[in-house]
Each structure stands twice: as structure tokens, then as C-alpha cells.
>>> print(open('my_file.tsv').read())   # TSV, C-alpha atoms
chain	number	residue	atom	x	y	z
A	1	MET	CA	-42.20	-46.45	-30.94
A	2	ASN	CA	-42.28	-47.04	-27.19
A	3	LYS	CA	-38.46	-47.17	-27.13
A	4	ILE	CA	-38.25	-43.83	-28.97
A	5	ALA	CA	-40.58	-42.27	-26.38
A	6	SER	CA	-38.41	-43.51	-23.47
A	7	MET	CA	-35.26	-42.19	-25.17
A	8	ASP	CA	-37.02	-38.83	-25.59
A	9	THR	CA	-37.66	-38.82	-21.84
A	10	ILE	CA	-33.96	-39.47	-21.21
A	11	LEU	CA	-33.00	-36.64	-23.57
A	12	ASN	CA	-35.47	-34.31	-21.83
A	13	LEU	CA	-34.02	-35.29	-18.46
A	14	PHE	CA	-30.56	-34.45	-19.79
A	15	ARG	CA	-31.85	-31.05	-20.99
A	16	LEU	CA	-33.49	-30.43	-17.61
A	17	PHE	CA	-30.22	-31.26	-15.85
A	18	PHE	CA	-28.34	-28.87	-18.14
A	19	LEU	CA	-30.97	-26.16	-17.49
A	20	ILE	CA	-30.45	-26.58	-13.73
A	21	ILE	CA	-26.68	-26.12	-14.21
A	22	VAL	CA	-27.32	-22.96	-16.27
A	23	PHE	CA	-29.67	-21.63	-13.58
A	24	PHE	CA	-27.20	-22.24	-10.73
A	25	SER	CA	-24.33	-20.75	-12.76
A	26	VAL	CA	-26.28	-17.54	-13.43
A	27	VAL	CA	-27.30	-17.27	-9.76
A	28	SER	CA	-23.72	-17.84	-8.52
A	29	LEU	CA	-22.34	-15.29	-11.03
A	30	ALA	CA	-24.92	-12.72	-9.91
A	31	ARG	CA	-23.99	-13.42	-6.27
A	32	ALA	CA	-20.33	-12.93	-7.12
A	33	PHE	CA	-21.09	-9.35	-8.21
A	34	ILE	CA	-22.88	-8.58	-4.94
A	35	VAL	CA	-20.13	-7.72	-2.46
A	36	GLU	CA	-21.32	-8.98	0.91
A	37	LYS	CA	-18.11	-8.63	2.90
A	38	ILE	CA	-15.40	-6.02	2.39
A	39	ASP	CA	-12.04	-6.38	4.10
A	40	LEU	CA	-11.26	-2.89	5.35
A	41	PHE	CA	-8.32	-3.87	7.55
A	42	GLU	CA	-5.64	-2.38	5.32
A	43	ILE	CA	-7.47	0.92	4.86
A	44	GLU	CA	-8.41	1.19	8.55
A	45	SER	CA	-4.91	0.41	9.78
A	46	LYS	CA	-3.26	2.75	7.25
A	47	LEU	CA	-5.70	5.47	8.28
A	48	LEU	CA	-4.69	5.00	11.94
A	49	ASN	CA	-0.99	5.07	10.99
A	50	TYR	CA	-1.49	8.31	9.03
A	51	ARG	CA	-3.56	9.88	11.84
A	52	ILE	CA	-0.69	9.20	14.23
A	53	ALA	CA	2.07	10.37	11.84
A	54	PHE	CA	0.16	13.53	10.86
A	55	SER	CA	-1.05	14.32	14.40
A	56	ASP	CA	-0.23	17.64	16.02
A	57	LYS	CA	0.44	15.69	19.24
A	58	ILE	CA	3.56	14.23	17.64
A	59	SER	CA	4.59	16.90	15.10
A	60	TYR	CA	6.26	20.22	15.74
A	61	VAL	CA	3.75	23.09	15.95
A	62	ASP	CA	4.89	26.69	15.49
A	63	SER	CA	3.45	28.45	18.53
A	64	ASP	CA	3.34	31.84	16.75
A	65	THR	CA	1.42	30.78	13.64
A	66	GLY	CA	-0.21	27.58	14.92
A	67	ARG	CA	1.08	25.73	11.84
A	68	THR	CA	1.76	22.01	12.21
A	69	TYR	CA	4.95	20.87	10.49
A	70	VAL	CA	4.09	17.35	9.37
A	71	GLY	CA	7.19	15.16	9.16
A	72	ILE	CA	9.06	17.07	11.89
A	73	ILE	CA	8.73	15.15	15.15
A	74	ASP	CA	8.94	17.25	18.30
A	75	LEU	CA	11.16	15.18	20.61
A	76	ALA	CA	10.00	17.08	23.72
A	77	LYS	CA	6.38	16.11	22.95
A	78	PHE	CA	7.28	12.55	22.01
A	79	THR	CA	9.20	11.86	25.21
A	80	SER	CA	6.78	13.64	27.54
A	81	ASP	CA	4.84	11.59	30.11
A	82	ASP	CA	1.50	12.88	28.79
A	83	PHE	CA	2.19	11.76	25.21
A	84	ALA	CA	0.09	8.58	25.31
A	85	LYS	CA	-2.83	10.32	27.03
A	86	ASN	CA	-2.79	13.29	24.60
A	87	LEU	CA	-2.63	11.01	21.56
A	88	LEU	CA	-5.46	8.81	22.87
A	89	ASN	CA	-7.66	11.88	23.36
A	90	SER	CA	-6.87	13.36	19.94
A	91	ILE	CA	-7.45	10.13	17.96
A	92	TYR	CA	-10.81	9.22	19.39
A	93	TYR	CA	-12.41	5.81	18.91
A	94	GLY	CA	-14.95	6.10	21.76
A	95	LYS	CA	-14.67	6.16	25.58
A	96	ILE	CA	-13.63	2.53	25.71
A	97	ASN	CA	-11.33	2.06	22.75
A	98	SER	CA	-11.47	-1.55	21.62
A	99	GLU	CA	-11.03	-0.61	17.95
A	100	ALA	CA	-7.40	0.37	17.42
A	101	SER	CA	-3.95	0.27	18.98
A	102	ALA	CA	-0.41	0.96	17.82
A	103	LYS	CA	3.24	0.91	18.74
A	104	ILE	CA	5.17	3.99	17.66
A	105	VAL	CA	8.95	3.72	17.35
A	106	LEU	CA	11.14	6.71	16.56
A	107	LYS	CA	14.66	5.80	15.46
A	108	ASP	CA	17.35	8.47	15.62
A	109	LEU	CA	19.60	8.06	12.55
A	110	ASP	CA	22.09	10.76	13.66
A	111	ALA	CA	22.56	9.65	17.25
A	112	ASN	CA	26.35	9.08	16.83
A	113	GLN	CA	26.52	7.13	20.06
A	114	GLY	CA	27.82	3.89	18.58
A	115	TYR	CA	24.42	2.25	18.90
A	116	ASP	CA	20.92	2.89	17.56
A	117	VAL	CA	18.75	5.16	19.68
A	118	PHE	CA	15.05	4.27	19.77
A	119	TYR	CA	12.14	6.00	21.43
A	120	GLU	CA	9.13	3.72	21.94
A	121	LYS	CA	5.59	4.88	22.67
A	122	PHE	CA	2.13	3.32	22.47
A	123	TYR	CA	-1.33	4.31	21.38
A	124	ASN	CA	-3.87	2.40	23.52
A	125	LYS	CA	-1.23	0.16	25.14
A	126	GLU	CA	-3.73	-2.10	26.96
A	127	LEU	CA	-5.36	-3.21	23.73
A	128	TYR	CA	-1.97	-3.47	21.99
A	129	ASP	CA	-0.59	-5.85	24.63
A	130	GLU	CA	-3.77	-7.90	24.57
A	131	LYS	CA	-3.94	-8.25	20.78
A	132	LYS	CA	-0.20	-8.59	20.10
A	133	VAL	CA	-0.29	-12.08	21.61
A	134	LEU	CA	-3.03	-13.07	19.16
A	135	VAL	CA	-1.13	-11.62	16.20
A	136	GLU	CA	2.01	-13.53	17.14
A	137	ALA	CA	-0.02	-16.71	17.56
A	138	LYS	CA	-1.16	-16.14	13.94
A	139	LEU	CA	-4.80	-16.75	14.83
A	140	THR	CA	-7.43	-15.84	12.26
A	141	GLY	CA	-11.14	-15.12	12.32
A	142	ALA	CA	-13.34	-13.00	14.58
A	143	GLY	CA	-11.72	-12.06	17.91
A	144	ALA	CA	-8.17	-12.33	16.55
A	145	ALA	CA	-6.17	-9.35	15.27
A	146	LYS	CA	-3.95	-8.23	12.40
A	147	ARG	CA	-0.89	-6.00	12.22
A	148	LEU	CA	0.32	-3.46	9.63
A	149	ASP	CA	3.61	-1.52	9.68
A	150	THR	CA	4.17	1.84	8.04
A	151	SER	CA	7.50	3.68	8.03
A	152	PHE	CA	8.14	7.35	7.34
A	153	TYR	CA	11.40	9.20	6.94
A	154	VAL	CA	11.15	12.20	9.30
A	155	LEU	CA	13.18	14.90	10.97
A	156	ILE	CA	13.52	14.98	14.76
A	157	LYS	CA	13.45	18.43	16.34
A	158	ASP	CA	15.53	18.33	19.51
A	159	LYS	CA	15.46	21.87	20.93
A	160	ASP	CA	16.97	23.93	18.06
A	161	TYR	CA	18.60	21.02	16.23
A	162	PHE	CA	17.16	18.82	13.51
A	163	ARG	CA	18.27	15.20	13.21
A	164	ARG	CA	17.27	12.52	10.74
A	165	GLY	CA	14.95	9.77	11.93
A	166	MET	CA	12.58	6.98	10.98
A	167	LEU	CA	9.08	6.87	12.39
A	168	ASN	CA	7.64	3.37	12.40
A	169	VAL	CA	3.97	2.95	13.28
A	170	GLU	CA	2.76	-0.61	13.87
A	171	ALA	CA	-1.04	-0.70	13.97
A	172	ILE	CA	-2.85	-3.67	15.51
A	173	LEU	CA	-6.58	-3.85	14.87
A	174	PRO	CA	-8.96	-6.58	16.04
A	175	ASN	CA	-10.75	-8.66	13.43
A	176	ARG	CA	-14.51	-8.32	13.13
B	1	MET	CA	-27.90	-48.55	-23.77
B	2	LEU	CA	-25.54	-46.03	-25.39
B	3	LYS	CA	-26.04	-47.70	-28.79
B	4	ARG	CA	-29.83	-47.39	-28.46
B	5	PHE	CA	-29.48	-43.77	-27.35
B	6	CYS	CA	-27.42	-42.98	-30.46
B	7	GLN	CA	-29.85	-44.76	-32.75
B	8	THR	CA	-32.76	-42.76	-31.29
B	9	ALA	CA	-30.82	-39.56	-31.65
B	10	LYS	CA	-30.34	-40.37	-35.35
B	11	LEU	CA	-34.09	-40.78	-35.76
B	12	ARG	CA	-34.67	-37.30	-34.33
B	13	LYS	CA	-34.70	-34.16	-36.46
B	14	LYS	CA	-31.43	-33.43	-38.17
B	15	GLY	CA	-29.41	-30.64	-36.52
B	16	SER	CA	-30.88	-31.07	-33.02
B	17	GLY	CA	-27.56	-32.31	-31.62
B	18	LEU	CA	-25.75	-29.50	-33.37
B	19	THR	CA	-28.05	-26.94	-31.69
B	20	ASP	CA	-27.37	-28.52	-28.27
B	21	PHE	CA	-23.63	-28.30	-28.93
B	22	PHE	CA	-23.82	-24.60	-29.85
B	23	SER	CA	-26.00	-23.79	-26.83
B	24	ILE	CA	-23.42	-25.39	-24.51
B	25	LEU	CA	-20.60	-23.55	-26.29
B	26	THR	CA	-22.47	-20.21	-26.00
B	27	PHE	CA	-23.09	-20.86	-22.33
B	28	VAL	CA	-19.41	-21.57	-21.66
B	29	LEU	CA	-18.42	-18.38	-23.55
B	30	VAL	CA	-20.91	-16.30	-21.51
B	31	ILE	CA	-19.45	-17.68	-18.27
B	32	ILE	CA	-15.89	-16.81	-19.44
B	33	VAL	CA	-16.95	-13.24	-20.42
B	34	PHE	CA	-18.72	-12.71	-17.06
B	35	TYR	CA	-15.67	-14.00	-15.19
B	36	GLY	CA	-13.41	-11.61	-17.14
B	37	ILE	CA	-15.65	-8.61	-16.40
B	38	PHE	CA	-15.78	-9.56	-12.71
B	39	LYS	CA	-12.02	-9.98	-12.48
B	40	PHE	CA	-11.24	-6.60	-14.09
B	41	THR	CA	-13.85	-4.49	-12.27
B	42	ILE	CA	-13.38	-5.78	-8.70
B	43	GLY	CA	-9.59	-6.26	-8.98
B	44	GLY	CA	-9.09	-2.72	-10.38
B	45	SER	CA	-10.66	-0.82	-7.48
B	46	LYS	CA	-8.46	-2.52	-4.85
B	47	PHE	CA	-5.31	-1.62	-6.80
B	48	GLU	CA	-6.25	2.09	-6.89
B	49	ILE	CA	-6.63	2.29	-3.08
B	50	GLY	CA	-3.19	0.73	-2.58
B	51	GLN	CA	-1.51	3.14	-4.99
B	52	GLN	CA	-3.05	6.17	-3.27
B	53	SER	CA	-1.74	5.21	0.17
B	54	LYS	CA	1.78	4.63	-1.17
B	55	SER	CA	1.72	8.13	-2.65
B	56	ILE	CA	0.95	9.59	0.82
B	57	GLU	CA	3.90	7.79	2.44
B	58	ASP	CA	6.30	8.82	-0.34
B	59	SER	CA	5.11	12.43	-0.26
B	60	LEU	CA	5.78	12.74	3.49
B	61	SER	CA	9.22	11.12	3.09
B	62	LEU	CA	10.00	13.44	0.16
B	63	LEU	CA	9.10	16.50	2.23
B	64	SER	CA	11.45	15.36	5.02
B	65	ILE	CA	14.27	14.59	2.56
B	66	LEU	CA	14.03	18.12	1.11
B	67	ARG	CA	14.20	19.60	4.63
B	68	THR	CA	17.24	17.51	5.63
B	69	ASN	CA	20.30	19.62	6.44
B	70	VAL	CA	23.56	18.82	4.66
B	71	ASN	CA	27.01	20.36	4.75
B	72	VAL	CA	28.29	21.64	1.39
B	73	GLY	CA	31.72	23.28	1.50
B	74	ASN	CA	31.31	24.19	5.19
B	75	ILE	CA	27.95	25.79	4.46
B	76	GLU	CA	24.84	24.33	6.08
B	77	MET	CA	21.89	24.10	3.73
B	78	ASN	CA	18.96	21.80	3.18
B	79	ILE	CA	18.62	19.45	0.22
B	80	ALA	CA	15.98	21.65	-1.46
B	81	GLU	CA	18.50	24.51	-1.51
B	82	LEU	CA	21.23	22.19	-2.79
B	83	ILE	CA	18.93	21.08	-5.66
B	84	ALA	CA	18.36	24.73	-6.62
B	85	LEU	CA	22.09	25.42	-6.34
B	86	SER	CA	23.13	22.39	-8.43
B	87	TYR	CA	20.69	23.47	-11.17
B	88	SER	CA	22.66	26.67	-11.75
B	89	ASP	CA	26.06	25.21	-10.76
B	90	PRO	CA	26.53	21.75	-12.38
B	91	SER	CA	29.73	21.14	-10.34
B	92	LYS	CA	27.47	20.63	-7.29
B	93	LYS	CA	25.56	17.78	-8.97
B	94	SER	CA	27.84	15.00	-7.75
B	95	ASN	CA	27.67	16.49	-4.25
B	96	LEU	CA	23.87	16.43	-4.44
B	97	GLU	CA	23.82	12.83	-5.69
B	98	ASN	CA	26.11	11.66	-2.88
B	99	HIS	CA	24.02	13.36	-0.21
B	100	LEU	CA	20.74	12.07	-1.65
B	101	ILE	CA	21.99	8.49	-1.96
B	102	LYS	CA	23.31	8.60	1.64
B	103	VAL	CA	20.01	9.94	3.00
B	104	MET	CA	17.95	7.39	1.05
B	105	ASN	CA	20.27	4.49	1.95
B	106	ASP	CA	20.09	5.40	5.64
B	107	SER	CA	16.32	5.78	5.66
B	108	PHE	CA	14.98	3.15	3.23
B	109	GLY	CA	17.81	0.63	3.71
B	110	ALA	CA	20.88	0.15	1.54
B	111	SER	CA	19.60	-3.15	0.19
B	112	ASP	CA	16.24	-1.69	-0.94
B	113	CYS	CA	15.61	0.32	-4.07
B	114	ALA	CA	14.35	3.90	-4.01
B	115	ILE	CA	14.34	6.49	-6.78
B	116	PHE	CA	14.52	10.26	-6.39
B	117	CYS	CA	13.37	12.14	-9.50
B	118	ILE	CA	14.65	15.63	-10.33
B	119	GLY	CA	12.93	16.67	-13.54
B	120	GLN	CA	13.78	13.89	-16.02
B	121	ASN	CA	16.82	12.68	-14.04
B	122	GLN	CA	16.61	9.76	-11.64
B	123	ILE	CA	18.93	9.25	-8.67
B	124	LYS	CA	18.82	5.65	-7.46
B	125	THR	CA	19.97	4.05	-4.20
B	126	THR	CA	22.67	1.38	-4.17
B	127	GLY	CA	19.97	-1.28	-3.70
B	128	CYS	CA	18.64	-0.62	-7.22
B	129	SER	CA	20.19	-3.21	-9.49
B	130	LEU	CA	19.58	-3.77	-13.20
B	131	ASN	CA	16.62	-6.06	-12.58
B	132	THR	CA	14.46	-3.34	-10.95
B	133	GLY	CA	13.24	-2.40	-14.42
B	134	TYR	CA	11.83	0.99	-15.39
B	135	HIS	CA	9.99	2.93	-12.68
B	136	THR	CA	8.58	6.41	-12.38
B	137	CYS	CA	8.25	8.42	-9.19
B	138	SER	CA	4.93	7.88	-7.40
B	139	SER	CA	4.78	10.69	-4.83
B	140	ASP	CA	3.20	14.09	-5.27
B	141	ILE	CA	5.41	16.49	-7.21
B	142	ILE	CA	7.07	19.29	-5.23
B	143	GLN	CA	8.18	22.35	-7.18
B	144	ILE	CA	11.42	24.10	-6.20
B	145	PRO	CA	12.25	27.50	-7.72
B	146	ALA	CA	15.77	27.66	-9.17
B	147	TYR	CA	17.95	30.77	-8.90
B	148	ASP	CA	17.09	31.79	-12.49
B	149	GLY	CA	13.34	31.63	-11.75
B	150	LYS	CA	12.76	28.29	-13.46
B	151	ILE	CA	10.79	25.56	-11.66
B	152	ILE	CA	12.42	22.22	-10.76
B	153	GLU	CA	10.00	19.36	-10.17
B	154	VAL	CA	11.03	16.67	-7.69
B	155	SER	CA	9.30	13.47	-6.58
B	156	LEU	CA	10.12	10.13	-4.94
B	157	ASN	CA	9.43	6.41	-5.28
B	158	SER	CA	10.52	4.27	-2.35
B	159	LYS	CA	10.18	0.54	-1.68
B	160	ILE	CA	10.52	-0.62	-5.27
B	161	GLU	CA	10.27	-4.38	-5.49
B	162	PRO	CA	12.89	-5.93	-7.78
B	163	LEU	CA	11.56	-7.86	-10.77
B	164	ASN	CA	11.56	-11.58	-10.12
B	165	LEU	CA	13.13	-12.80	-13.34
B	166	GLN	CA	13.32	-16.37	-12.06
B	167	SER	CA	9.53	-16.81	-12.12
B	168	ALA	CA	9.11	-15.14	-15.53
B	169	PRO	CA	7.95	-17.56	-18.26
>>> encode(input="my_file.tsv", output="C-alpha cells")
Amino acid sequence: MNKIASMDTILNLFRLFFLIIVFFSVVSLARAFIVEKIDLFEIESKLLNYRIAFSDKISYVDSDTGRTYVGIIDLAKFTSDDFAKNLLNSIYYGKINSEASAKIVLKDLDANQGYDVFYEKFYNKELYDEKKVLVEAKLTGAGAAKRLDTSFYVLIKDKDYFRRGMLNVEAILPNR
Amino acid sequence: MLKRFCQTAKLRKKGSGLTDFFSILTFVLVIIVFYGIFKFTIGGSKFEIGQQSKSIEDSLSLLSILRTNVNVGNIEMNIAELIALSYSDPSKKSNLENHLIKVMNDSFGASDCAIFCIGQNQIKTTGCSLNTGYHTCSSDIIQIPAYDGKIIEVSLNSKIEPLNLQSAP
């Protein structure tokens, strides 16, 4: 009789152990449904790329109607000395921008000069240069940075002529 | 020890072990169902965001393709006009296809696959091989009026990944 009682205790211990497993499984499943951390890098960087590509500081604007022709890059604006300053002011991330940076490359597909013609500009160049090193070092975690490229087929307006081009925007955003 | 445990279990009420077995089985099934629900709900929302952004890129590229100037029989026109012209004059269709393939090859890369949809017809770049499978156009639809007043719907799908048949089971 005493032996049966001790075996009952062992069985109850086994049940208690199983109950603990059930409890922890339910808790961990419930925690899995609660999203504590969302990785917004892709959305944030795509948003920056679109803001640059769709910006009136880069696109041709009809001075009579004020209409912005998205997808037509005004070469005079793109190559002007004030380009970086104008773009930084129009895409505003605060007085000291430590949130976003990008390299903008415009490739002329109809250059006909025997070699590819590129125009290279930067959005927030200081941060770009600082974070590019970290991206190339493939560091991860807080303080490091990630890169995302987006390419658009565009037309380049050079005075009264339209040429074919590719606009490549390479966003670099610091990790949080 | 194990022998004694089994003997004691035999002395217990009949069916107790069977109940334990079914409770464990039910628990495992519940975990599997929860995992499935979690996988489908969370995984689904991420996919939708990705698709939306691709549509924006394709729509902007499509707009620029339609505005691209081409030379057809010493007449300068843009591709949107050539699409309208080829709708009423089928002899211009091959001309349109050549121009579209050249523009898409130059912009998206000759080795990559891109599809330009005109109504039900698909014009593919040279990078599209047989193993790209069936794809539809993902951009917004742009409507071009033809010369007879009918509407031609055009759209684009760039950066199509080829199917990896090697890893298929």
C-alpha cells in the first residue's frame, strides 16, 4: 500500500511537470503574438528613396502651371551647386539630420560618348560617408547602418531634349 | 523501478493512461494550430507591404517608358503614341515590340526579365527564358486612347526572378 502511495506521488510529479510545460508553452505562444519590435528599415529606406525620386527639387516643374513631372529629371537642377542644400531642406528630418542619408546616381543611357555618363549627388553627405564605412564593414546591431538600393527608369530633360536615364537611389539609414 | 511503476499503473483505474495520452496529443495539436495561425497572419502582412512598394517603382518606370521618344519612319513620337498607332495599324506592331524590348533591355538589364503588358499581350525582354513561369503585370494600369476611341490598357512588371527549378522537390 505504501509503495502504491509513493508511485502515486511520482505520477503526480510527472503531471505537475507536464502542467508546467503546458503553462510555459501557452505563455510563449501568447508572447509570440505580441509584436515587441518591428523592423521598419525597408519601409523607411524605401520611403526616403521615393521622397527623393518624387521630389520637385529633382523633377522637372512646368513654371507656367506649377505641375511637377515625376520621372522627368531636370538636369539643370540636378547638376546645380545648390542641389544638395535644396534637397536637404525639402526632405526634412530635423535640424541635425542623423536619421537618413542617400547617394543619388543618374546614368545617361543616350550619352553616345563611347562611355557611360554618370551624375552623382548626395543627400546628407556627412552622414552617408560616416555610415557607409559601417555598412561595408557589415556590422550589425545598434549604431551600425543598413543600405537599400532602388532604381527607376527616367527621362533626363537637358534644355529642350529628352534622353533616357536610370536614377539609382542608395539609402543608408542607421540602425536603432 | 520502471517495472514497479508499470505494475502500479496497472493497479490504477482503467483508462487513466489513455486519458493522459489524449491530453498530450490534444496539447500538441493545439500548439501546431497556434503556430499555423501565427505563421499565416504575421507573414501575410509583410508580403503586402513589399508588393505595394514594387507597384510604385513599376508605375514610375512605366510612365517614363510611355514618354520615351522613338523614331518610326523618320517621325518622332513617344511610345504611348506608337502603341495607339500599332492598335489601328498592325504593321507597326513589330516596330513597337523592337522599341519596347530595346528600352527595357537598356533600362532593366538584358539579362533580367521584365514584362510589358498591352491588353492581353505580353512583350518580354530577352532575359525572360522559359523558366520564368507565368507572370502578370504588377504596376498600376495606364489607359491609352486608341485612334478609334477604344481604350488600351498597359502595365509593367520588372525585376522578375527566374524560377529556381534546381531546388524544386
>>> interface_residues(input="my_file.tsv", of="chain A", to="chain B", cutoff="10 Å", atoms="only C-alpha atoms", output="PDB file with C-alpha atoms, keeping the file's coordinate frame")
ATOM      1  CA  LYS A   3     -38.460 -47.170 -27.130  1.00  0.00           C
ATOM      2  CA  ILE A   4     -38.250 -43.830 -28.970  1.00  0.00           C
ATOM      3  CA  ALA A   5     -40.580 -42.270 -26.380  1.00  0.00           C
ATOM      4  CA  SER A   6     -38.410 -43.510 -23.470  1.00  0.00           C
ATOM      5  CA  MET A   7     -35.260 -42.190 -25.170  1.00  0.00           C
ATOM      6  CA  ASP A   8     -37.020 -38.830 -25.590  1.00  0.00           C
ATOM      7  CA  ILE A  10     -33.960 -39.470 -21.210  1.00  0.00           C
ATOM      8  CA  LEU A  11     -33.000 -36.640 -23.570  1.00  0.00           C
ATOM      9  CA  ARG A  15     -31.850 -31.050 -20.990  1.00  0.00           C
ATOM     10  CA  PHE A  18     -28.340 -28.870 -18.140  1.00  0.00           C
ATOM     11  CA  VAL A  22     -27.320 -22.960 -16.270  1.00  0.00           C
ATOM     12  CA  SER A  25     -24.330 -20.750 -12.760  1.00  0.00           C
ATOM     13  CA  VAL A  26     -26.280 -17.540 -13.430  1.00  0.00           C
ATOM     14  CA  LEU A  29     -22.340 -15.290 -11.030  1.00  0.00           C
ATOM     15  CA  ALA A  30     -24.920 -12.720  -9.910  1.00  0.00           C
ATOM     16  CA  ALA A  32     -20.330 -12.930  -7.120  1.00  0.00           C
ATOM     17  CA  PHE A  33     -21.090  -9.350  -8.210  1.00  0.00           C
ATOM     18  CA  VAL A  35     -20.130  -7.720  -2.460  1.00  0.00           C
ATOM     19  CA  GLU A  42      -5.640  -2.380   5.320  1.00  0.00           C
ATOM     20  CA  ILE A  43      -7.470   0.920   4.860  1.00  0.00           C
ATOM     21  CA  LYS A  46      -3.260   2.750   7.250  1.00  0.00           C
ATOM     22  CA  LEU A  47      -5.700   5.470   8.280  1.00  0.00           C
ATOM     23  CA  TYR A  50      -1.490   8.310   9.030  1.00  0.00           C
ATOM     24  CA  ALA A  53       2.070  10.370  11.840  1.00  0.00           C
ATOM     25  CA  PHE A  54       0.160  13.530  10.860  1.00  0.00           C
ATOM     26  CA  VAL A  70       4.090  17.350   9.370  1.00  0.00           C
ATOM     27  CA  GLY A  71       7.190  15.160   9.160  1.00  0.00           C
ATOM     28  CA  ILE A  72       9.060  17.070  11.890  1.00  0.00           C
ATOM     29  CA  LYS A 107      14.660   5.800  15.460  1.00  0.00           C
ATOM     30  CA  LEU A 109      19.600   8.060  12.550  1.00  0.00           C
ATOM     31  CA  ASP A 110      22.090  10.760  13.660  1.00  0.00           C
ATOM     32  CA  THR A 150       4.170   1.840   8.040  1.00  0.00           C
ATOM     33  CA  SER A 151       7.500   3.680   8.030  1.00  0.00           C
ATOM     34  CA  PHE A 152       8.140   7.350   7.340  1.00  0.00           C
ATOM     35  CA  TYR A 153      11.400   9.200   6.940  1.00  0.00           C
ATOM     36  CA  VAL A 154      11.150  12.200   9.300  1.00  0.00           C
ATOM     37  CA  LEU A 155      13.180  14.900  10.970  1.00  0.00           C
ATOM     38  CA  ILE A 156      13.520  14.980  14.760  1.00  0.00           C
ATOM     39  CA  PHE A 162      17.160  18.820  13.510  1.00  0.00           C
ATOM     40  CA  ARG A 163      18.270  15.200  13.210  1.00  0.00           C
ATOM     41  CA  ARG A 164      17.270  12.520  10.740  1.00  0.00           C
ATOM     42  CA  GLY A 165      14.950   9.770  11.930  1.00  0.00           C
ATOM     43  CA  MET A 166      12.580   6.980  10.980  1.00  0.00           C
ATOM     44  CA  LEU A 167       9.080   6.870  12.390  1.00  0.00           C
TER      45      LEU A 167
END
>>> closest_residue(input="my_file.tsv", among="B:Ser158, B:Ser88, B:Gln122, B:Ser94", to="B:Ala146", atoms="only C-alpha atoms")
B:Ser88
>>> atom_distance(input="my_file.tsv", atom1="atom CA of A:Glu170", atom2="atom CA of A:Lys157")
22.0 Å
>>> residues_near_point(input="my_file.tsv", point="(15.5, 4.3, 24.6)", cutoff="12 Å", atoms="all atoms listed in the file", output="list in words")
Phe78, Thr79, Val105, Leu106, Lys107, Asp108, Ala111, Tyr115, Asp116, Val117, Phe118, Tyr119, Glu120 and Lys121 of chain A
>>> closest_residue(input="my_file.tsv", among="A:Lys146, A:Leu16, A:Lys125, A:Lys159", to="A:Ala76", atoms="all atoms listed in the file")
A:Lys159
>>> closest_residue(input="my_file.tsv", among="B:Asn98, B:Ser155, B:Asn78, B:Thr26", to="B:Thr136", atoms="all atoms listed in the file")
B:Ser155
